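Peer 1: My structure file upload_7.pdb, PDB, C-alpha atoms (C1' of nucleotides), is below:
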ATOM      1  CA  MET J  26       1.405   7.780  -9.777  1.00  0.00           C
ATOM      2  CA  ALA J  27       2.447  11.385  -9.615  1.00  0.00           C
ATOM      3  CA  THR J  28       1.659  13.560  -6.647  1.00  0.00           C
ATOM      4  CA  GLN J  29       0.695  17.197  -6.552  1.00  0.00           C
ATOM      5  CA  PHE J  30       3.411  17.742  -4.021  1.00  0.00           C
ATOM      6  CA  GLY J  31       6.071  16.055  -6.109  1.00  0.00           C
ATOM      7  CA  ASP J  32       5.152  17.885  -9.268  1.00  0.00           C
ATOM      8  CA  ARG J  33       5.252  21.194  -7.497  1.00  0.00           C
ATOM      9  CA  ILE J  34       8.610  20.786  -5.834  1.00  0.00           C
ATOM     10  CA  ARG J  35      10.156  19.586  -9.045  1.00  0.00           C
ATOM     11  CA  GLU J  36       8.835  22.681 -10.721  1.00  0.00           C
ATOM     12  CA  LEU J  37      10.242  24.870  -7.978  1.00  0.00           C
ATOM     13  CA  ARG J  38      13.597  23.162  -8.077  1.00  0.00           C
ATOM     14  CA  THR J  39      14.129  23.158 -11.813  1.00  0.00           C
ATOM     15  CA  LYS J  40      13.017  26.770 -12.221  1.00  0.00           C
ATOM     16  CA  GLN J  41      15.790  27.708  -9.852  1.00  0.00           C
ATOM     17  CA  LYS J  42      18.207  25.471 -11.701  1.00  0.00           C
ATOM     18  CA  MET J  43      18.915  23.469  -8.637  1.00  0.00           C
ATOM     19  CA  LEU J  44      20.033  19.873  -8.908  1.00  0.00           C
ATOM     20  CA  LEU J  45      18.651  16.967  -6.950  1.00  0.00           C
ATOM     21  CA  ARG J  46      21.884  16.778  -5.048  1.00  0.00           C
ATOM     22  CA  HIS J  47      21.646  20.399  -3.972  1.00  0.00           C
ATOM     23  CA  VAL J  48      18.297  19.751  -2.402  1.00  0.00           C
ATOM     24  CA  ALA J  49      19.361  16.362  -1.124  1.00  0.00           C
ATOM     25  CA  SER J  50      22.420  17.589   0.698  1.00  0.00           C
ATOM     26  CA  GLN J  51      20.488  20.373   2.396  1.00  0.00           C
ATOM     27  CA  LEU J  52      17.763  17.968   3.404  1.00  0.00           C
ATOM     28  CA  ASP J  53      20.469  15.522   4.433  1.00  0.00           C
ATOM     29  CA  VAL J  54      19.225  12.540   2.467  1.00  0.00           C
ATOM     30  CA  ASP J  55      20.400  10.653  -0.574  1.00  0.00           C
ATOM     31  CA  THR J  56      19.741  12.102  -3.990  1.00  0.00           C
ATOM     32  CA  SER J  57      17.564   9.173  -4.884  1.00  0.00           C
ATOM     33  CA  ILE J  58      15.157  10.011  -2.107  1.00  0.00           C
ATOM     34  CA  ILE J  59      14.420  13.413  -3.575  1.00  0.00           C
ATOM     35  CA  SER J  60      14.023  11.895  -6.984  1.00  0.00           C
ATOM     36  CA  LYS J  61      11.501   9.452  -5.652  1.00  0.00           C
ATOM     37  CA  ILE J  62       9.590  12.096  -3.773  1.00  0.00           C
ATOM     38  CA  GLU J  63       9.359  14.302  -6.816  1.00  0.00           C
ATOM     39  CA  ARG J  64       8.129  11.440  -8.925  1.00  0.00           C
ATOM     40  CA  GLY J  65       5.574  10.368  -6.349  1.00  0.00           C
ATOM     41  CA  ASP J  66       7.268   7.077  -5.550  1.00  0.00           C
ATOM     42  CA  ARG J  67       7.672   8.057  -1.935  1.00  0.00           C
ATOM     43  CA  GLN J  68       5.999  10.361   0.490  1.00  0.00           C
ATOM     44  CA  ILE J  69       8.091  12.974   2.163  1.00  0.00           C
ATOM     45  CA  LYS J  70       7.942  13.034   5.918  1.00  0.00           C
ATOM     46  CA  LYS J  71       5.851  15.802   7.309  1.00  0.00           C
ATOM     47  CA  GLU J  72       8.684  17.264   9.341  1.00  0.00           C
ATOM     48  CA  GLN J  73      10.754  17.632   6.206  1.00  0.00           C
ATOM     49  CA  ILE J  74       8.273  19.853   4.459  1.00  0.00           C
ATOM     50  CA  ALA J  75       9.158  23.020   6.312  1.00  0.00           C
ATOM     51  CA  VAL J  76      12.845  22.437   5.693  1.00  0.00           C
ATOM     52  CA  LEU J  77      12.222  21.777   2.042  1.00  0.00           C
ATOM     53  CA  ALA J  78      10.161  24.935   1.767  1.00  0.00           C
ATOM     54  CA  GLU J  79      13.132  26.920   2.991  1.00  0.00           C
ATOM     55  CA  ILE J  80      15.497  25.209   0.603  1.00  0.00           C
ATOM     56  CA  LEU J  81      13.210  25.928  -2.314  1.00  0.00           C
ATOM     57  CA  LYS J  82      12.252  29.385  -1.053  1.00  0.00           C
ATOM     58  CA  ALA J  83       8.673  28.257  -1.291  1.00  0.00           C
ATOM     59  CA  ASP J  84       5.589  28.957   0.729  1.00  0.00           C
ATOM     60  CA  LYS J  85       5.468  26.472   3.571  1.00  0.00           C
ATOM     61  CA  GLU J  86       1.700  26.457   3.694  1.00  0.00           C
ATOM     62  CA  GLU J  87       1.356  25.843   0.017  1.00  0.00           C
ATOM     63  CA  LEU J  88       3.553  22.780   0.183  1.00  0.00           C
ATOM     64  CA  LEU J  89       1.843  21.524   3.291  1.00  0.00           C
ATOM     65  CA  THR J  90      -1.534  21.888   1.639  1.00  0.00           C
ATOM     66  CA  LEU J  91      -0.415  19.948  -1.399  1.00  0.00           C
ATOM     67  CA  TRP J  92       1.034  17.272   0.828  1.00  0.00           C
ATOM     68  CA  LEU J  93      -2.168  17.003   2.830  1.00  0.00           C
ATOM     69  CA  ALA J  94      -4.176  16.716  -0.359  1.00  0.00           C
ATOM     70  CA  ASP J  95      -1.958  13.857  -1.478  1.00  0.00           C
ATOM     71  CA  GLN J  96      -2.442  12.085   1.825  1.00  0.00           C
ATOM     72  CA  LEU J  97      -6.184  12.516   1.614  1.00  0.00           C
ATOM     73  CA  TYR J  98      -6.181  11.245  -1.903  1.00  0.00           C
ATOM     74  CA  ASN J  99      -4.316   8.131  -0.866  1.00  0.00           C
ATOM     75  CA  VAL J 100      -7.113   7.331   1.528  1.00  0.00           C
ATOM     76  CA  ILE J 101     -10.021   7.732  -0.858  1.00  0.00           C
ATOM     77  CA  GLU J 102      -8.431   6.724  -4.130  1.00  0.00           C
ATOM     78  CA  GLY J 103     -10.696   4.343  -5.976  1.00  0.00           C
ATOM     79  CA  GLU J 104     -13.316   4.345  -3.234  1.00  0.00           C
ATOM     80  CA  PRO J 105     -16.902   4.545  -4.423  1.00  0.00           C
ATOM     81  CA  MET J 106     -17.877   6.223  -1.161  1.00  0.00           C
ATOM     82  CA  ALA J 107     -15.126   8.817  -1.387  1.00  0.00           C
ATOM     83  CA  ASP J 108     -17.442  11.716  -1.964  1.00  0.00           C
ATOM     84  CA  GLU J 109     -19.640  10.994   1.004  1.00  0.00           C
ATOM     85  CA  ALA J 110     -16.681  10.518   3.271  1.00  0.00           C
ATOM     86  CA  LEU J 111     -15.159  13.806   2.179  1.00  0.00           C
ATOM     87  CA  LYS J 112     -18.380  15.670   2.784  1.00  0.00           C
ATOM     88  CA  SER J 113     -18.708  14.154   6.191  1.00  0.00           C
ATOM     89  CA  VAL J 114     -15.232  15.259   7.178  1.00  0.00           C
ATOM     90  CA  SER J 115     -15.749  18.742   5.809  1.00  0.00           C
ATOM     91  CA  LYS J 116     -18.815  19.126   7.955  1.00  0.00           C
ATOM     92  CA  LYS J 117     -17.007  17.838  10.965  1.00  0.00           C
ATOM     93  CA  ILE J 118     -14.155  20.310  10.744  1.00  0.00           C
ATOM     94  CA  LYS J 119     -16.567  23.146  10.161  1.00  0.00           C
ATOM     95  CA  ARG J 120     -18.346  22.238  13.359  1.00  0.00           C
ATOM     96  CA  GLU J 121     -15.046  22.359  15.157  1.00  0.00           C
ATOM     97  CA  LYS J 122     -14.255  25.911  14.156  1.00  0.00           C
TER      98      LYS J 122
ATOM     99  CA  MET E  19     -10.611   9.948  20.827  1.00  0.00           C
ATOM    100  CA  ALA E  20     -13.768   8.291  19.652  1.00  0.00           C
ATOM    101  CA  THR E  21     -14.351   7.408  16.039  1.00  0.00           C
ATOM    102  CA  GLN E  22     -17.522   7.536  14.015  1.00  0.00           C
ATOM    103  CA  PHE E  23     -16.911   3.987  12.987  1.00  0.00           C
ATOM    104  CA  GLY E  24     -16.404   2.751  16.516  1.00  0.00           C
ATOM    105  CA  ASP E  25     -19.445   4.499  17.862  1.00  0.00           C
ATOM    106  CA  ARG E  26     -21.601   3.083  15.132  1.00  0.00           C
ATOM    107  CA  ILE E  27     -20.529  -0.517  15.450  1.00  0.00           C
ATOM    108  CA  ARG E  28     -20.953  -0.405  19.181  1.00  0.00           C
ATOM    109  CA  GLU E  29     -24.450   0.879  18.640  1.00  0.00           C
ATOM    110  CA  LEU E  30     -25.180  -1.887  16.174  1.00  0.00           C
ATOM    111  CA  ARG E  31     -23.759  -4.536  18.438  1.00  0.00           C
ATOM    112  CA  THR E  32     -25.479  -3.526  21.646  1.00  0.00           C
ATOM    113  CA  LYS E  33     -28.849  -3.035  19.987  1.00  0.00           C
ATOM    114  CA  GLN E  34     -28.668  -6.650  18.940  1.00  0.00           C
ATOM    115  CA  LYS E  35     -27.539  -7.674  22.392  1.00  0.00           C
ATOM    116  CA  MET E  36     -24.392  -9.161  21.076  1.00  0.00           C
ATOM    117  CA  LEU E  37     -21.332  -9.419  23.266  1.00  0.00           C
ATOM    118  CA  LEU E  38     -17.827  -8.408  22.331  1.00  0.00           C
ATOM    119  CA  ARG E  39     -16.856 -12.031  22.308  1.00  0.00           C
ATOM    120  CA  HIS E  40     -19.555 -12.908  19.823  1.00  0.00           C
ATOM    121  CA  VAL E  41     -18.182 -10.401  17.388  1.00  0.00           C
ATOM    122  CA  ALA E  42     -14.598 -11.214  18.252  1.00  0.00           C
ATOM    123  CA  SER E  43     -14.901 -14.914  17.613  1.00  0.00           C
ATOM    124  CA  GLN E  44     -16.561 -14.381  14.265  1.00  0.00           C
ATOM    125  CA  LEU E  45     -13.910 -11.870  13.277  1.00  0.00           C
ATOM    126  CA  ASP E  46     -11.333 -14.270  14.669  1.00  0.00           C
ATOM    127  CA  VAL E  47      -9.551 -11.833  16.941  1.00  0.00           C
ATOM    128  CA  ASP E  48      -9.268 -11.340  20.658  1.00  0.00           C
ATOM    129  CA  THR E  49     -12.116  -9.640  22.465  1.00  0.00           C
ATOM    130  CA  SER E  50      -9.867  -6.783  23.421  1.00  0.00           C
ATOM    131  CA  ILE E  51      -9.367  -5.834  19.805  1.00  0.00           C
ATOM    132  CA  ILE E  52     -13.060  -5.247  19.286  1.00  0.00           C
ATOM    133  CA  SER E  53     -13.243  -3.275  22.467  1.00  0.00           C
ATOM    134  CA  LYS E  54     -10.440  -1.040  21.311  1.00  0.00           C
ATOM    135  CA  ILE E  55     -11.893  -0.583  17.874  1.00  0.00           C
ATOM    136  CA  GLU E  56     -15.255   0.418  19.296  1.00  0.00           C
ATOM    137  CA  ARG E  57     -13.626   2.889  21.608  1.00  0.00           C
ATOM    138  CA  GLY E  58     -11.446   4.355  18.908  1.00  0.00           C
ATOM    139  CA  ASP E  59      -8.202   3.126  20.382  1.00  0.00           C
ATOM    140  CA  ARG E  60      -7.424   1.152  17.277  1.00  0.00           C
ATOM    141  CA  GLN E  61      -8.341   1.212  13.642  1.00  0.00           C
ATOM    142  CA  ILE E  62      -9.929  -1.810  12.132  1.00  0.00           C
ATOM    143  CA  LYS E  63      -8.258  -3.221   9.061  1.00  0.00           C
ATOM    144  CA  LYS E  64     -10.034  -2.387   5.869  1.00  0.00           C
ATOM    145  CA  GLU E  65     -10.478  -6.021   4.869  1.00  0.00           C
ATOM    146  CA  GLN E  66     -12.273  -6.686   8.136  1.00  0.00           C
ATOM    147  CA  ILE E  67     -14.996  -4.151   7.504  1.00  0.00           C
ATOM    148  CA  ALA E  68     -16.993  -6.288   5.099  1.00  0.00           C
ATOM    149  CA  VAL E  69     -16.826  -9.225   7.472  1.00  0.00           C
ATOM    150  CA  LEU E  70     -17.906  -7.088  10.359  1.00  0.00           C
ATOM    151  CA  ALA E  71     -20.809  -5.716   8.360  1.00  0.00           C
ATOM    152  CA  GLU E  72     -22.063  -9.254   7.881  1.00  0.00           C
ATOM    153  CA  ILE E  73     -21.663 -10.090  11.527  1.00  0.00           C
ATOM    154  CA  LEU E  74     -23.607  -7.017  12.556  1.00  0.00           C
ATOM    155  CA  LYS E  75     -26.095  -7.297   9.680  1.00  0.00           C
ATOM    156  CA  ALA E  76     -25.133  -3.790   8.749  1.00  0.00           C
ATOM    157  CA  ASP E  77     -24.768  -1.979   5.488  1.00  0.00           C
ATOM    158  CA  LYS E  78     -21.267  -2.541   4.206  1.00  0.00           C
ATOM    159  CA  GLU E  79     -21.122   0.806   2.448  1.00  0.00           C
ATOM    160  CA  GLU E  80     -22.248   2.698   5.478  1.00  0.00           C
ATOM    161  CA  LEU E  81     -19.491   1.237   7.584  1.00  0.00           C
ATOM    162  CA  LEU E  82     -16.914   1.753   4.894  1.00  0.00           C
ATOM    163  CA  THR E  83     -17.917   5.379   4.558  1.00  0.00           C
ATOM    164  CA  LEU E  84     -17.601   5.954   8.265  1.00  0.00           C
ATOM    165  CA  TRP E  85     -14.240   4.264   8.259  1.00  0.00           C
ATOM    166  CA  LEU E  86     -13.024   6.368   5.364  1.00  0.00           C
ATOM    167  CA  ALA E  87     -14.180   9.508   7.104  1.00  0.00           C
ATOM    168  CA  ASP E  88     -12.192   8.509  10.179  1.00  0.00           C
ATOM    169  CA  GLN E  89      -9.095   7.937   8.082  1.00  0.00           C
ATOM    170  CA  LEU E  90      -9.494  11.283   6.386  1.00  0.00           C
ATOM    171  CA  TYR E  91      -9.955  12.961   9.692  1.00  0.00           C
ATOM    172  CA  ASN E  92      -6.760  11.461  10.994  1.00  0.00           C
ATOM    173  CA  VAL E  93      -4.897  13.089   8.155  1.00  0.00           C
ATOM    174  CA  ILE E  94      -6.242  16.606   8.560  1.00  0.00           C
ATOM    175  CA  GLU E  95      -6.863  16.721  12.290  1.00  0.00           C
ATOM    176  CA  GLY E  96      -5.476  19.924  13.705  1.00  0.00           C
ATOM    177  CA  GLU E  97      -4.192  21.133  10.343  1.00  0.00           C
ATOM    178  CA  PRO E  98      -4.812  24.792   9.574  1.00  0.00           C
ATOM    179  CA  MET E  99      -4.838  24.030   5.866  1.00  0.00           C
ATOM    180  CA  ALA E 100      -7.317  21.178   6.224  1.00  0.00           C
ATOM    181  CA  ASP E 101     -10.114  22.954   4.455  1.00  0.00           C
ATOM    182  CA  GLU E 102      -8.102  23.821   1.392  1.00  0.00           C
ATOM    183  CA  ALA E 103      -6.719  20.331   1.131  1.00  0.00           C
ATOM    184  CA  LEU E 104     -10.189  18.828   1.332  1.00  0.00           C
ATOM    185  CA  LYS E 105     -11.500  21.107  -1.371  1.00  0.00           C
ATOM    186  CA  SER E 106      -8.599  20.270  -3.596  1.00  0.00           C
ATOM    187  CA  VAL E 107      -9.226  16.558  -3.255  1.00  0.00           C
ATOM    188  CA  SER E 108     -12.950  16.934  -3.839  1.00  0.00           C
ATOM    189  CA  LYS E 109     -12.255  18.721  -7.082  1.00  0.00           C
ATOM    190  CA  LYS E 110      -9.787  16.102  -8.127  1.00  0.00           C
ATOM    191  CA  ILE E 111     -12.156  13.197  -7.670  1.00  0.00           C
ATOM    192  CA  LYS E 112     -14.895  15.063  -9.478  1.00  0.00           C
ATOM    193  CA  ARG E 113     -12.608  15.491 -12.439  1.00  0.00           C
ATOM    194  CA  GLU E 114     -11.987  11.773 -12.403  1.00  0.00           C
ATOM    195  CA  LYS E 115     -15.612  10.820 -12.708  1.00  0.00           C
TER     196      LYS E 115
ATOM    197  C1'  DT L  26      32.242   9.416 -26.565  1.00  0.00           C
ATOM    198  C1'  DT L  27      32.634  11.554 -21.784  1.00  0.00           C
ATOM    199  C1'  DA L  28      30.744  13.711 -17.962  1.00  0.00           C
ATOM    200  C1'  DT L  29      26.970  14.689 -15.240  1.00  0.00           C
ATOM    201  C1'  DA L  30      22.244  14.087 -13.685  1.00  0.00           C
ATOM    202  C1'  DT L  31      18.506  11.260 -12.692  1.00  0.00           C
ATOM    203  C1'  DT L  32      16.125   6.939 -11.986  1.00  0.00           C
ATOM    204  C1'  DT L  33      15.517   2.298 -10.346  1.00  0.00           C
ATOM    205  C1'  DG L  34      15.895  -1.973  -7.662  1.00  0.00           C
ATOM    206  C1'  DC L  35      17.355  -3.968  -3.705  1.00  0.00           C
ATOM    207  C1'  DC L  36      18.824  -4.198   1.087  1.00  0.00           C
ATOM    208  C1'  DA L  37      19.066  -3.401   6.131  1.00  0.00           C
ATOM    209  C1'  DA L  38      17.461  -0.616   9.790  1.00  0.00           C
ATOM    210  C1'  DT L  39      13.641   1.438  11.890  1.00  0.00           C
ATOM    211  C1'  DA L  40       8.978   2.340  12.912  1.00  0.00           C
ATOM    212  C1'  DT L  41       4.259   1.179  12.984  1.00  0.00           C
ATOM    213  C1'  DT L  42       0.524  -1.932  13.261  1.00  0.00           C
ATOM    214  C1'  DT L  43      -1.652  -5.983  14.719  1.00  0.00           C
ATOM    215  C1'  DG L  44      -3.008  -9.469  17.847  1.00  0.00           C
ATOM    216  C1'  DT L  45      -2.467 -12.169  22.320  1.00  0.00           C
ATOM    217  C1'  DC L  46      -2.353 -12.529  26.989  1.00  0.00           C
ATOM    218  C1'  DA L  47      -3.028 -11.399  31.714  1.00  0.00           C
ATOM    219  C1'  DA L  48      -4.573  -8.353  35.045  1.00  0.00           C
ATOM    220  C1'  DG L  49      -7.853  -5.112  36.522  1.00  0.00           C
ATOM    221  C1'  DA L  50     -12.357  -2.389  36.646  1.00  0.00           C
ATOM    222  C1'  DC L  51     -17.086  -2.591  36.846  1.00  0.00           C
ATOM    223  C1'  DA L  52     -21.845  -4.001  37.435  1.00  0.00           C
ATOM    224  C1'  DA L  53     -25.262  -7.431  38.604  1.00  0.00           C
ATOM    225  C1'  DT L  54     -26.712 -10.670  41.854  1.00  0.00           C
ATOM    226  C1'  DA L  55     -26.492 -14.554  44.881  1.00  0.00           C
TER     227       DA L  55
ATOM    228  C1'  DT Q   2     -19.324  -9.937  50.870  1.00  0.00           C
ATOM    229  C1'  DA Q   3     -18.064 -13.134  47.342  1.00  0.00           C
ATOM    230  C1'  DT Q   4     -18.949 -14.625  42.682  1.00  0.00           C
ATOM    231  C1'  DT Q   5     -19.836 -14.265  37.982  1.00  0.00           C
ATOM    232  C1'  DG Q   6     -19.645 -12.307  33.498  1.00  0.00           C
ATOM    233  C1'  DT Q   7     -18.410  -8.384  30.584  1.00  0.00           C
ATOM    234  C1'  DC Q   8     -15.466  -5.030  29.239  1.00  0.00           C
ATOM    235  C1'  DT Q   9     -11.038  -2.366  29.436  1.00  0.00           C
ATOM    236  C1'  DT Q  10      -6.166  -1.656  29.673  1.00  0.00           C
ATOM    237  C1'  DG Q  11      -1.213  -2.231  29.219  1.00  0.00           C
ATOM    238  C1'  DA Q  12       2.803  -4.967  28.157  1.00  0.00           C
ATOM    239  C1'  DC Q  13       4.684  -7.724  24.878  1.00  0.00           C
ATOM    240  C1'  DA Q  14       5.922 -10.231  20.432  1.00  0.00           C
ATOM    241  C1'  DA Q  15       5.120 -11.040  15.635  1.00  0.00           C
ATOM    242  C1'  DA Q  16       4.017  -9.332  11.329  1.00  0.00           C
ATOM    243  C1'  DT Q  17       4.064  -5.417   8.111  1.00  0.00           C
ATOM    244  C1'  DA Q  18       5.293  -1.104   6.282  1.00  0.00           C
ATOM    245  C1'  DT Q  19       8.374   2.706   5.778  1.00  0.00           C
ATOM    246  C1'  DT Q  20      12.727   4.786   5.460  1.00  0.00           C
ATOM    247  C1'  DG Q  21      17.188   5.928   3.645  1.00  0.00           C
ATOM    248  C1'  DG Q  22      21.503   4.317   1.478  1.00  0.00           C
ATOM    249  C1'  DC Q  23      23.923   2.145  -2.037  1.00  0.00           C
ATOM    250  C1'  DA Q  24      25.030   0.746  -6.601  1.00  0.00           C
ATOM    251  C1'  DA Q  25      23.780  -0.162 -11.072  1.00  0.00           C
ATOM    252  C1'  DA Q  26      21.093   1.372 -14.965  1.00  0.00           C
ATOM    253  C1'  DT Q  27      19.422   4.956 -17.676  1.00  0.00           C
ATOM    254  C1'  DA Q  28      18.938   9.538 -19.462  1.00  0.00           C
ATOM    255  C1'  DT Q  29      20.750  14.166 -20.819  1.00  0.00           C
ATOM    256  C1'  DA Q  30      24.136  17.403 -22.424  1.00  0.00           C
ATOM    257  C1'  DA Q  31      28.353  18.821 -24.269  1.00  0.00           C
TER     258       DA Q  31
END
Before we go any further, please render this structure as structure tokens.
Peer 2:
Amino acid sequence: MATQFGDRIRELRTKQKMLLRHVASQLDVDTSIISKIERGDRQIKKEQIAVLAEILKADKEELLTLWLADQLYNVIEGEPMADEALKSVSKKIKREK
Amino acid sequence: MATQFGDRIRELRTKQKMLLRHVASQLDVDTSIISKIERGDRQIKKEQIAVLAEILKADKEELLTLWLADQLYNVIEGEPMADEALKSVSKKIKREK
DNA sequence: TTATATTTGCCAATATTTGTCAAGACAATA
DNA sequence: TATTGTCTTGACAAATATTGGCAAATATAA
């Protein structure tokens, strides 16, 4: 299962003609980790997102938003009550503002 | 930090004058676990929700929805991009239907 | 083919989650 | 005050999940 985050960072990387190992060495992990993250096999750790954004010269907030959306999706995937739960949370954070 | 789920099941339990140990023994866990779940100190396991709904004679879907909302909230709590991420996920699940 | 890039499966280390137990807080009441 | 029953809390161990590295397999390009 692909992730929005993974698809996006692969797009960013390949458009800049960077190799997995370029990203990997800067993030200080094995090449295979980046491969897995891009393909949605693994989730990147939240703290790594900002670093990755720098490496890819990408907007940190954009990547974080995509990552959050993936996390949210993991929670509600396949849940019949997903819609209700999402609405409830939306209301809650609006109240908080 | 209280949870919607915890608040609700405590309400259901006390209104029926059930004790923590009544629920605990039926769920086959220690009393302290139920206490913590009600107070939001711990998350209940998803598989336990249906069982708990039976114990409390509650609507399974209602409890599951509350639980999902709590999980979603955990993901986006304190995130500036929470709103965007939520919208993105809502759209995605609508497309899926 | 050869060389390079990416993917995949598996492993050990680490981190997180789960439940138990024991001690303590609290309220009701004898 | 002492006792009883309920609930709460923290420390701990066991079970589970996550993480990254390695090496082999597979793709891609020249």
Peer 1: Using only C-alpha atoms, I'd like a table of the residues in chain E that come within 9 Å of chain J; for each, show the closest atom pair and its distance in Å rounded to one decimal, ordered by chain and ascending number, as JSON lines.
Peer 2:
{"residue": "E:Glu79", "atom": "CA", "partner": "J:Met106", "partner_atom": "CA", "distance": 7.3}
{"residue": "E:Glu80", "atom": "CA", "partner": "J:Met106", "partner_atom": "CA", "distance": 8.7}
{"residue": "E:Leu82", "atom": "CA", "partner": "J:Met106", "partner_atom": "CA", "distance": 7.6}
{"residue": "E:Thr83", "atom": "CA", "partner": "J:Ala110", "partner_atom": "CA", "distance": 5.4}
{"residue": "E:Leu84", "atom": "CA", "partner": "J:Ala110", "partner_atom": "CA", "distance": 6.8}
{"residue": "E:Trp85", "atom": "CA", "partner": "J:Ala110", "partner_atom": "CA", "distance": 8.4}
{"residue": "E:Leu86", "atom": "CA", "partner": "J:Ala110", "partner_atom": "CA", "distance": 5.9}
{"residue": "E:Ala87", "atom": "CA", "partner": "J:Ala110", "partner_atom": "CA", "distance": 4.7}
{"residue": "E:Asp88", "atom": "CA", "partner": "J:Val114", "partner_atom": "CA", "distance": 8.0}
{"residue": "E:Gln89", "atom": "CA", "partner": "J:Val100", "partner_atom": "CA", "distance": 6.9}
{"residue": "E:Leu90", "atom": "CA", "partner": "J:Leu97", "partner_atom": "CA", "distance": 5.9}
{"residue": "E:Tyr91", "atom": "CA", "partner": "J:Val114", "partner_atom": "CA", "distance": 6.3}
{"residue": "E:Val93", "atom": "CA", "partner": "J:Leu97", "partner_atom": "CA", "distance": 6.7}
{"residue": "E:Ile94", "atom": "CA", "partner": "J:Leu93", "partner_atom": "CA", "distance": 7.0}
{"residue": "E:Glu95", "atom": "CA", "partner": "J:Ile118", "partner_atom": "CA", "distance": 8.3}
{"residue": "E:Glu97", "atom": "CA", "partner": "J:Leu93", "partner_atom": "CA", "distance": 8.8}
{"residue": "E:Pro98", "atom": "CA", "partner": "J:Glu86", "partner_atom": "CA", "distance": 8.9}
{"residue": "E:Met99", "atom": "CA", "partner": "J:Thr90", "partner_atom": "CA", "distance": 5.8}
{"residue": "E:Ala100", "atom": "CA", "partner": "J:Thr90", "partner_atom": "CA", "distance": 7.4}
{"residue": "E:Asp101", "atom": "CA", "partner": "J:Ser115", "partner_atom": "CA", "distance": 7.2}
{"residue": "E:Glu102", "atom": "CA", "partner": "J:Thr90", "partner_atom": "CA", "distance": 6.9}
{"residue": "E:Ala103", "atom": "CA", "partner": "J:Ala94", "partner_atom": "CA", "distance": 4.7}
{"residue": "E:Leu104", "atom": "CA", "partner": "J:Ala94", "partner_atom": "CA", "distance": 6.6}
{"residue": "E:Lys105", "atom": "CA", "partner": "J:Ala94", "partner_atom": "CA", "distance": 8.6}
{"residue": "E:Ser106", "atom": "CA", "partner": "J:Ala94", "partner_atom": "CA", "distance": 6.5}
{"residue": "E:Val107", "atom": "CA", "partner": "J:Ala94", "partner_atom": "CA", "distance": 5.8}
{"residue": "E:Ser108", "atom": "CA", "partner": "J:Leu111", "partner_atom": "CA", "distance": 7.1}
{"residue": "E:Lys110", "atom": "CA", "partner": "J:Tyr98", "partner_atom": "CA", "distance": 8.7}
{"residue": "E:Ile111", "atom": "CA", "partner": "J:Asp108", "partner_atom": "CA", "distance": 7.9}
{"residue": "E:Lys112", "atom": "CA", "partner": "J:Asp108", "partner_atom": "CA", "distance": 8.6}
Peer 1: Excluding His40 in chain E and any residue of its chain fewer than 5 positions from it, enumerate the residues within 10 Å of it, using only C-alpha atoms (C1' of nucleotides), and give them as a list in words.
Peer 2: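 Contacts, with the query itself left out: Arg31, Lys35, Leu45, Asp46, Thr49 and Ile73 of chain E.
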Peer 1: How many Å lie between CA of Leu37 in chain J and C1' of DG34 in chain L, rounded to one decimal?
Peer 2: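 Those two atoms sit 27.4 Å apart.
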Peer 1: Work out how far apart CA of Arg39 in chain E and CA of Ile52 in chain E are and give it in Å to one decimal.
Peer 2: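 Calculated distance between CA of Arg39 in chain E and CA of Ile52 in chain E is 8.3 Å.
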Peer 1: Please identify every residue of chain L that has at least one atom no farther than 12 Å from an atom of chain E, counting all atoms listed in the file, and for each give the shortest atom pair and the distance in Å to one decimal, arranged by chain then increasing number, as JSON lines.
Peer 2:
{"residue": "L:DT42", "atom": "C1'", "partner": "E:Gln61", "partner_atom": "CA", "distance": 9.4}
{"residue": "L:DT43", "atom": "C1'", "partner": "E:Lys63", "partner_atom": "CA", "distance": 9.1}
{"residue": "L:DG44", "atom": "C1'", "partner": "E:Val47", "partner_atom": "CA", "distance": 7.0}
{"residue": "L:DT45", "atom": "C1'", "partner": "E:Asp48", "partner_atom": "CA", "distance": 7.1}
{"residue": "L:DC46", "atom": "C1'", "partner": "E:Asp48", "partner_atom": "CA", "distance": 9.5}
{"residue": "L:DA47", "atom": "C1'", "partner": "E:Ser50", "partner_atom": "CA", "distance": 11.7}
Peer 1: Convert the current residue selection to file output with C-alpha atoms (C1' of nucleotides), as a short mmCIF file (atom, residue, chain, number, x, y, z; two decimals), keeping the file's coordinate frame.
Peer 2:
data_model
loop_
_atom_site.label_atom_id
_atom_site.label_comp_id
_atom_site.auth_asym_id
_atom_site.auth_seq_id
_atom_site.Cartn_x
_atom_site.Cartn_y
_atom_site.Cartn_z
"C1'" DT L 42 0.52 -1.93 13.26
"C1'" DT L 43 -1.65 -5.98 14.72
"C1'" DG L 44 -3.01 -9.47 17.85
"C1'" DT L 45 -2.47 -12.17 22.32
"C1'" DC L 46 -2.35 -12.53 26.99
"C1'" DA L 47 -3.03 -11.40 31.71
#
Peer 1: May I ask for the distance between CA of Asp59 in chain E and CA of Ala20 in chain E, given in Å to one decimal place?
Peer 2: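 Distance between the two atoms: 7.6 Å.
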Peer 1: Neighbours of Ala75 in chain J within 10 Å (only C-alpha atoms (C1' of nucleotides); same-chain residues fewer than 6 positions away dropped), as an MDAnalysis selection string?
Peer 2: chainID J and resid 81 83:86 88:89
Peer 1: May I have the residues from that selection written out with C-alpha atoms, as a PDB file, in the frame of the given file?
Peer 2:
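Final output, saved to result_7.pdb:
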ATOM      1  CA  LEU J  81      13.210  25.928  -2.314  1.00  0.00           C
ATOM      2  CA  ALA J  83       8.673  28.257  -1.291  1.00  0.00           C
ATOM      3  CA  ASP J  84       5.589  28.957   0.729  1.00  0.00           C
ATOM      4  CA  LYS J  85       5.468  26.472   3.571  1.00  0.00           C
ATOM      5  CA  GLU J  86       1.700  26.457   3.694  1.00  0.00           C
ATOM      6  CA  LEU J  88       3.553  22.780   0.183  1.00  0.00           C
ATOM      7  CA  LEU J  89       1.843  21.524   3.291  1.00  0.00           C
TER       8      LEU J  89
END
